[in-house]
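First the structure, in the form of structure tokens, and then the observations on it.
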Amino acid sequence: PALPEEVKLALERAINMLAQDINCTDVNDAESSMRLAIQNNQTYFDDLTAPLEHTKQVFNSKLSHMISSLPDVIESRSPVGLSQTIKIASLDFDYDKFCSVLDSVKNSFEQVKQYFDEREDHKSNDENDTTQNRFILSVHCTFA
């Protein structure tokens, strides 16, 4: 789709400024103009992207497919000592689902339950963690 005229003009102004001697006021004016143009045309920009739920579904589908296509055993292709590319996967997990699975594991394995019971004794979150919303509820994991 064609770029909205207001956004086009703001971009042209900013690009033209790069070819000139500019001062802080000019930069601030150009930035304000660009922000306003984007804000006024938010629907246009929102329509350029797929809905979040669709994006999540496609990501999960592709990730599941790629994981299922991995061989059960991966052998090294280069001698030890040569540098290799590190592949990283970074995932965010639903906090409530994560806690549910963790509770299930704790209920199934006494040693895991004991470990978490001992950890609970050493918990030292101060009151500000909850009153100032500093208690982290996102579960993130990076695999290499």
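A note on labels: chains of the structure tokens are A, B, ... as shown, every chain counts residues from 1, and ligands are counted from 1 in their shown order.
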Legend entry - Non-local contacts of Ala10 in chain A (9 Å; only C-alpha atoms; under 3 positions in same chain excluded) as an MDAnalysis selection string: chainID A and resid 5:7 13:15 30:31 33:35 37
Legend entry - range 96-103 of chain A environment, 10 Å, only C-alpha atoms, sequence neighbours closer than 2 positions dropped, as a list of chain:residue names: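 The neighbour list is A:Phe93, A:Asp94, A:Val105, A:Lys106, A:Asn107, A:Ser108, A:Val112, A:Lys113, A:Leu137, A:Ser138, A:Val139.
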Pull C-alpha atoms from the residues just selected and write them as a short mmCIF file (atom, residue, chain, number, x, y, z; two decimals), in the first residue's frame.
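Ended up saving to part14.cif:
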```
data_model
loop_
_atom_site.label_atom_id
_atom_site.label_comp_id
_atom_site.auth_asym_id
_atom_site.auth_seq_id
_atom_site.Cartn_x
_atom_site.Cartn_y
_atom_site.Cartn_z
CA PHE A 93 7.03 -19.29 28.60
CA ASP A 94 3.63 -18.58 30.11
CA VAL A 105 7.30 -32.23 38.78
CA LYS A 106 7.56 -31.38 42.49
CA ASN A 107 4.63 -33.70 43.25
CA SER A 108 6.21 -36.51 41.24
CA VAL A 112 12.72 -31.90 43.72
CA LYS A 113 10.03 -31.02 46.26
CA LEU A 137 6.64 -13.04 36.42
CA SER A 138 8.10 -13.74 32.98
CA VAL A 139 9.90 -17.03 32.40
#
```
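Proximity ranking of A:Ala19, A:His65, A:Glu120, A:Ser90 relative to Thr142 in chain A places A:Ser90 first, based on only C-alpha atoms.
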Legend entry - CA of Gln114 in chain A to CA of Leu91 in chain A, distance in Å rounded to a single decimal: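 For CA of Gln114 in chain A relative to CA of Leu91 in chain A, the distance reads 27.6 Å.
Among the candidates A:Leu11, A:Leu63, A:Lys87, A:Asp47, the residue lying nearest to Ser32 in chain A is A:Leu11 (atoms considered: only C-alpha atoms).
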Legend entry - Interatomic distance (Å, one decimal) between CA of Ser61 in chain A and CA of Asp92 in chain A: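 Calculated distance between CA of Ser61 in chain A and CA of Asp92 in chain A is 15.4 Å.
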Inset, instruction - Rank A:Phe109, A:Lys62, A:Tyr115, A:Ile88 by their smallest atom-to-atom distance to Cys141 in chain A, using only C-alpha atoms, and report the top residue only. - result: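 Under the stated criterion, the closest residue is A:Ile88.
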Legend entry - Between CA of Asn41 in chain A and CA of Val27 in chain A, distance in Å (one decimal): 21.0 Å
